[in-house]
Amino acid sequence: MPRIIDYQIVLDRLQSEGLKCHYYNGGAFGFASEEGMLVRGLIGPADGTIRPAARQFVRNVPGPFEANLAELAVRVWQELLPGEVWAMPKAHWWFELNDGSREWLPGLVQRIGVDADDLKSRNNASAIEFLSSEVDEFRQFVRGLLENLSVSDFLLAFPGRGTICTIHQHKQLWWVTKNTALLHGLDGMC
């Protein structure tokens, strides 16, 4: 069953791995140094808002977008980045569960076995941790985010593996890593 990882643990661990939080108490993490940073955007529907300079990093994924992107996230996790994965809002849970996504997110959190009420009062981005045996819950959560996000984004962090992924509200997965083999693996999956 997925579990909640307190924010201070998330913050300490990710900062110790060279990531920086760009939003106080939030899950908007990025690399502290851009040196050697590699980016790959897996996108569903065409998106005219992607900056021209970023288009070289884009790989299109065929429909059904949400299902295919969620399956790619599972494959990357299981095949290229085995171990635990953390999912968190780039803002914080209080905003997501009380304002931004209150119509649908509490139900999604409950369906994967996490107490939405425990997260609802947190004004931080405590992580939901998925272990490698919790593939179905992870797939359901990522697909639910891709199907429903409209005002904010979420982050996937892979502790100890130097990789993060933004689940973007435009039905996209933006991977950031310093691992060349991972980038080639992502390209091979597309």
# chains A, B, ... in the order shown; residues from 1 in each chain; ligands from 1
>>> residues_around(residues="stretch 120-127 of chain A", least_positions_apart="2", cutoff="12 Å", atoms="only C-alpha atoms", output="VMD selection string")
chain A and resid 2 to 14 21 23 to 29 84 to 102 105 to 107 109 to 110 114 to 118 129 to 130 153 to 159
>>> write_last_selection(atoms="C-alpha atoms", output="PDB file, in the first residue's frame")
ATOM      1  CA  PRO A   2       1.484   3.422  -0.930  1.00  0.00           C
ATOM      2  CA  ARG A   3       2.430   5.556   2.069  1.00  0.00           C
ATOM      3  CA  ILE A   4       3.066   9.213   2.925  1.00  0.00           C
ATOM      4  CA  ILE A   5       6.655  10.398   3.354  1.00  0.00           C
ATOM      5  CA  ASP A   6       6.858  13.537   5.516  1.00  0.00           C
ATOM      6  CA  TYR A   7       8.032  16.642   3.717  1.00  0.00           C
ATOM      7  CA  GLN A   8      11.156  17.214   5.815  1.00  0.00           C
ATOM      8  CA  ILE A   9      12.402  13.763   4.799  1.00  0.00           C
ATOM      9  CA  VAL A  10      11.626  14.523   1.134  1.00  0.00           C
ATOM     10  CA  LEU A  11      13.361  17.905   1.318  1.00  0.00           C
ATOM     11  CA  ASP A  12      16.461  16.609   3.112  1.00  0.00           C
ATOM     12  CA  ARG A  13      16.872  13.620   0.801  1.00  0.00           C
ATOM     13  CA  LEU A  14      16.366  15.461  -2.484  1.00  0.00           C
ATOM     14  CA  CYS A  21      13.217  23.289  -4.174  1.00  0.00           C
ATOM     15  CA  TYR A  23       8.681  26.749  -4.247  1.00  0.00           C
ATOM     16  CA  TYR A  24       8.656  27.042  -0.456  1.00  0.00           C
ATOM     17  CA  ASN A  25       7.253  23.835   1.105  1.00  0.00           C
ATOM     18  CA  GLY A  26       6.447  22.618  -2.401  1.00  0.00           C
ATOM     19  CA  GLY A  27       7.391  19.774  -4.667  1.00  0.00           C
ATOM     20  CA  ALA A  28       8.804  21.946  -7.462  1.00  0.00           C
ATOM     21  CA  PHE A  29      12.287  20.435  -7.413  1.00  0.00           C
ATOM     22  CA  GLU A  84      10.842   3.497  -4.826  1.00  0.00           C
ATOM     23  CA  VAL A  85       9.251   6.509  -6.531  1.00  0.00           C
ATOM     24  CA  TRP A  86       7.791   9.584  -4.840  1.00  0.00           C
ATOM     25  CA  ALA A  87       4.822  11.542  -6.224  1.00  0.00           C
ATOM     26  CA  MET A  88       4.010  15.025  -4.955  1.00  0.00           C
ATOM     27  CA  PRO A  89       2.302  18.215  -6.057  1.00  0.00           C
ATOM     28  CA  LYS A  90       4.623  20.919  -7.298  1.00  0.00           C
ATOM     29  CA  ALA A  91       2.662  23.287  -5.030  1.00  0.00           C
ATOM     30  CA  HIS A  92       1.348  21.595  -1.860  1.00  0.00           C
ATOM     31  CA  TRP A  93      -1.417  19.245  -0.761  1.00  0.00           C
ATOM     32  CA  TRP A  94      -3.585  21.850   0.949  1.00  0.00           C
ATOM     33  CA  PHE A  95      -3.941  23.763  -2.325  1.00  0.00           C
ATOM     34  CA  GLU A  96      -4.522  20.658  -4.432  1.00  0.00           C
ATOM     35  CA  LEU A  97      -7.076  18.988  -2.151  1.00  0.00           C
ATOM     36  CA  ASN A  98      -8.932  22.126  -1.012  1.00  0.00           C
ATOM     37  CA  ASP A  99      -8.802  24.327  -4.122  1.00  0.00           C
ATOM     38  CA  GLY A 100      -6.958  23.305  -7.276  1.00  0.00           C
ATOM     39  CA  SER A 101      -8.180  19.729  -7.731  1.00  0.00           C
ATOM     40  CA  ARG A 102     -10.721  19.246  -4.945  1.00  0.00           C
ATOM     41  CA  LEU A 105      -8.072  14.369  -6.400  1.00  0.00           C
ATOM     42  CA  PRO A 106      -9.314  13.225  -2.960  1.00  0.00           C
ATOM     43  CA  GLY A 107     -11.074  10.287  -4.617  1.00  0.00           C
ATOM     44  CA  VAL A 109      -5.800   9.451  -3.501  1.00  0.00           C
ATOM     45  CA  GLN A 110      -8.316   7.275  -1.599  1.00  0.00           C
ATOM     46  CA  VAL A 114      -3.791   6.737   0.892  1.00  0.00           C
ATOM     47  CA  ASP A 115      -5.799   8.767   3.425  1.00  0.00           C
ATOM     48  CA  ALA A 116      -6.723  12.002   1.613  1.00  0.00           C
ATOM     49  CA  ASP A 117      -7.721  13.590   4.939  1.00  0.00           C
ATOM     50  CA  ASP A 118      -4.158  13.095   6.208  1.00  0.00           C
ATOM     51  CA  GLU A 129       5.800   6.677  -1.943  1.00  0.00           C
ATOM     52  CA  PHE A 130       5.245   3.727  -4.256  1.00  0.00           C
ATOM     53  CA  ASP A 153       1.494  19.977 -12.124  1.00  0.00           C
ATOM     54  CA  PHE A 154       2.913  17.086 -10.095  1.00  0.00           C
ATOM     55  CA  LEU A 155       6.441  15.752  -9.710  1.00  0.00           C
ATOM     56  CA  LEU A 156       7.833  12.234  -9.664  1.00  0.00           C
ATOM     57  CA  ALA A 157      11.158  11.868  -7.856  1.00  0.00           C
ATOM     58  CA  PHE A 158      13.370   8.803  -7.956  1.00  0.00           C
ATOM     59  CA  PRO A 159      15.511   9.023  -4.808  1.00  0.00           C
TER      60      PRO A 159
END
>>> atom_distance(atom1="atom CA of A:Gly44", atom2="atom CA of A:Leu186")
15.0 Å
>>> select_by_dssp(residues="stretch 44-98 of chain A", states="alpha helix (DSSP H)", output="mmCIF file with N, CA, C and O atoms, in the first residue's frame")
data_model
loop_
_atom_site.group_PDB
_atom_site.id
_atom_site.type_symbol
_atom_site.label_atom_id
_atom_site.label_comp_id
_atom_site.auth_asym_id
_atom_site.auth_seq_id
_atom_site.Cartn_x
_atom_site.Cartn_y
_atom_site.Cartn_z
ATOM 1 N N PHE A 65 -3.717 9.060 -25.075
ATOM 2 C CA PHE A 65 -2.590 9.737 -24.456
ATOM 3 C C PHE A 65 -2.377 9.383 -22.986
ATOM 4 O O PHE A 65 -1.277 9.037 -22.577
ATOM 5 N N GLU A 66 -3.436 9.495 -22.197
ATOM 6 C CA GLU A 66 -3.286 9.279 -20.754
ATOM 7 C C GLU A 66 -2.832 7.858 -20.440
ATOM 8 O O GLU A 66 -1.925 7.647 -19.635
ATOM 9 N N ALA A 67 -3.458 6.890 -21.077
ATOM 10 C CA ALA A 67 -3.105 5.486 -20.831
ATOM 11 C C ALA A 67 -1.686 5.188 -21.300
ATOM 12 O O ALA A 67 -0.911 4.521 -20.601
ATOM 13 N N ASN A 68 -1.320 5.678 -22.482
ATOM 14 C CA ASN A 68 0.015 5.403 -23.015
ATOM 15 C C ASN A 68 1.107 6.109 -22.217
ATOM 16 O O ASN A 68 2.175 5.543 -21.976
ATOM 17 N N LEU A 69 0.865 7.349 -21.799
ATOM 18 C CA LEU A 69 1.848 8.063 -20.986
ATOM 19 C C LEU A 69 2.006 7.404 -19.617
ATOM 20 O O LEU A 69 3.128 7.267 -19.114
ATOM 21 N N ALA A 70 0.903 7.001 -19.015
ATOM 22 C CA ALA A 70 0.984 6.327 -17.717
ATOM 23 C C ALA A 70 1.758 5.021 -17.848
ATOM 24 O O ALA A 70 2.582 4.681 -16.990
ATOM 25 N N GLU A 71 1.523 4.284 -18.921
ATOM 26 C CA GLU A 71 2.247 3.033 -19.132
ATOM 27 C C GLU A 71 3.735 3.284 -19.357
ATOM 28 O O GLU A 71 4.583 2.532 -18.866
ATOM 29 N N LEU A 72 4.067 4.350 -20.067
ATOM 30 C CA LEU A 72 5.482 4.701 -20.244
ATOM 31 C C LEU A 72 6.123 5.055 -18.902
ATOM 32 O O LEU A 72 7.272 4.672 -18.643
ATOM 33 N N ALA A 73 5.409 5.781 -18.061
ATOM 34 C CA ALA A 73 5.941 6.115 -16.735
ATOM 35 C C ALA A 73 6.221 4.842 -15.939
ATOM 36 O O ALA A 73 7.259 4.730 -15.271
ATOM 37 N N VAL A 74 5.319 3.880 -16.019
ATOM 38 C CA VAL A 74 5.520 2.599 -15.331
ATOM 39 C C VAL A 74 6.753 1.890 -15.888
ATOM 40 O O VAL A 74 7.601 1.408 -15.132
ATOM 41 N N ARG A 75 6.870 1.825 -17.203
ATOM 42 C CA ARG A 75 8.004 1.135 -17.818
ATOM 43 C C ARG A 75 9.332 1.785 -17.461
ATOM 44 O O ARG A 75 10.308 1.094 -17.162
ATOM 45 N N TRP A 93 -0.181 20.024 -0.860
ATOM 46 C CA TRP A 93 -1.417 19.245 -0.761
ATOM 47 C C TRP A 93 -2.617 20.088 -0.366
ATOM 48 O O TRP A 93 -3.722 19.853 -0.860
ATOM 49 N N TRP A 94 -2.435 21.045 0.535
ATOM 50 C CA TRP A 94 -3.585 21.850 0.949
ATOM 51 C C TRP A 94 -4.218 22.509 -0.267
ATOM 52 O O TRP A 94 -5.432 22.455 -0.452
ATOM 53 N N PHE A 95 -3.408 23.126 -1.118
ATOM 54 C CA PHE A 95 -3.941 23.763 -2.325
ATOM 55 C C PHE A 95 -4.632 22.738 -3.223
ATOM 56 O O PHE A 95 -5.761 22.954 -3.675
#
>>> closest_residue(among="A:Arg111, A:Lys20, A:Arg143, A:Arg55", to="A:Ile167", atoms="only C-alpha atoms")
A:Arg143
>>> closest_residue(among="A:Lys178, A:Ser150, A:Gly113, A:His170", to="A:Thr49", atoms="only C-alpha atoms")
A:His170
>>> atom_distance(atom1="atom CA of A:Leu173", atom2="atom CA of A:Val76")
11.3 Å
>>> atom_distance(atom1="atom CA of A:Gly36", atom2="atom CA of A:Phe138")
28.9 Å
>>> select_by_dssp(residues="stretch 30-144 of chain A", states="strand (DSSP E or B)", output="VMD selection string")
chain A and resid 30 to 31 38 to 43 58 to 60 85 to 89 127 to 130
>>> write_last_selection(atoms="N, CA and C atoms", output="mmCIF file, in the first residue's frame")
data_model
loop_
_atom_site.group_PDB
_atom_site.id
_atom_site.type_symbol
_atom_site.label_atom_id
_atom_site.label_comp_id
_atom_site.auth_asym_id
_atom_site.auth_seq_id
_atom_site.Cartn_x
_atom_site.Cartn_y
_atom_site.Cartn_z
ATOM 1 N N GLY A 30 14.145 20.915 -8.836
ATOM 2 C CA GLY A 30 14.941 20.903 -10.054
ATOM 3 C C GLY A 30 16.397 20.762 -9.654
ATOM 4 N N PHE A 31 17.254 20.517 -10.626
ATOM 5 C CA PHE A 31 18.671 20.387 -10.331
ATOM 6 C C PHE A 31 19.244 21.747 -9.940
ATOM 7 N N LEU A 38 19.938 16.762 -18.771
ATOM 8 C CA LEU A 38 19.320 16.248 -19.989
ATOM 9 C C LEU A 38 17.804 16.265 -19.816
ATOM 10 N N VAL A 39 17.091 16.610 -20.885
ATOM 11 C CA VAL A 39 15.641 16.768 -20.809
ATOM 12 C C VAL A 39 14.978 15.990 -21.935
ATOM 13 N N ARG A 40 13.855 15.378 -21.595
ATOM 14 C CA ARG A 40 13.039 14.720 -22.602
ATOM 15 C C ARG A 40 11.573 14.929 -22.227
ATOM 16 N N GLY A 41 10.800 15.470 -23.154
ATOM 17 C CA GLY A 41 9.366 15.667 -22.942
ATOM 18 C C GLY A 41 8.581 14.658 -23.752
ATOM 19 N N LEU A 42 7.833 13.815 -23.080
ATOM 20 C CA LEU A 42 6.931 12.885 -23.760
ATOM 21 C C LEU A 42 5.559 13.529 -23.724
ATOM 22 N N ILE A 43 5.037 13.869 -24.897
ATOM 23 C CA ILE A 43 3.793 14.626 -24.915
ATOM 24 C C ILE A 43 2.698 13.884 -25.658
ATOM 25 N N VAL A 58 11.278 17.115 -27.395
ATOM 26 C CA VAL A 58 9.940 16.516 -27.368
ATOM 27 C C VAL A 58 9.886 15.237 -28.188
ATOM 28 N N ARG A 59 9.191 14.248 -27.620
ATOM 29 C CA ARG A 59 8.853 13.021 -28.343
ATOM 30 C C ARG A 59 7.347 12.847 -28.211
ATOM 31 N N ASN A 60 6.673 12.653 -29.345
ATOM 32 C CA ASN A 60 5.222 12.494 -29.328
ATOM 33 C C ASN A 60 4.834 11.068 -28.994
ATOM 34 N N VAL A 85 9.503 5.251 -5.828
ATOM 35 C CA VAL A 85 9.251 6.509 -6.531
ATOM 36 C C VAL A 85 8.344 7.349 -5.642
ATOM 37 N N TRP A 86 8.595 8.645 -5.623
ATOM 38 C CA TRP A 86 7.791 9.584 -4.840
ATOM 39 C C TRP A 86 6.983 10.472 -5.769
ATOM 40 N N ALA A 87 5.702 10.641 -5.468
ATOM 41 C CA ALA A 87 4.822 11.542 -6.224
ATOM 42 C C ALA A 87 4.365 12.646 -5.287
ATOM 43 N N MET A 88 4.401 13.891 -5.794
ATOM 44 C CA MET A 88 4.010 15.025 -4.955
ATOM 45 C C MET A 88 3.546 16.174 -5.836
ATOM 46 N N PRO A 89 2.688 17.027 -5.291
ATOM 47 C CA PRO A 89 2.302 18.215 -6.057
ATOM 48 C C PRO A 89 3.473 19.180 -6.130
ATOM 49 N N ALA A 127 5.466 13.445 0.166
ATOM 50 C CA ALA A 127 5.380 12.562 -1.000
ATOM 51 C C ALA A 127 4.518 11.344 -0.712
ATOM 52 N N ILE A 128 3.887 10.845 -1.765
ATOM 53 C CA ILE A 128 3.291 9.518 -1.727
ATOM 54 C C ILE A 128 4.349 8.592 -2.313
ATOM 55 N N GLU A 129 4.762 7.613 -1.512
ATOM 56 C CA GLU A 129 5.800 6.677 -1.943
ATOM 57 C C GLU A 129 5.169 5.402 -2.477
ATOM 58 N N PHE A 130 5.646 4.992 -3.652
ATOM 59 C CA PHE A 130 5.245 3.727 -4.256
ATOM 60 C C PHE A 130 6.469 2.818 -4.291
#
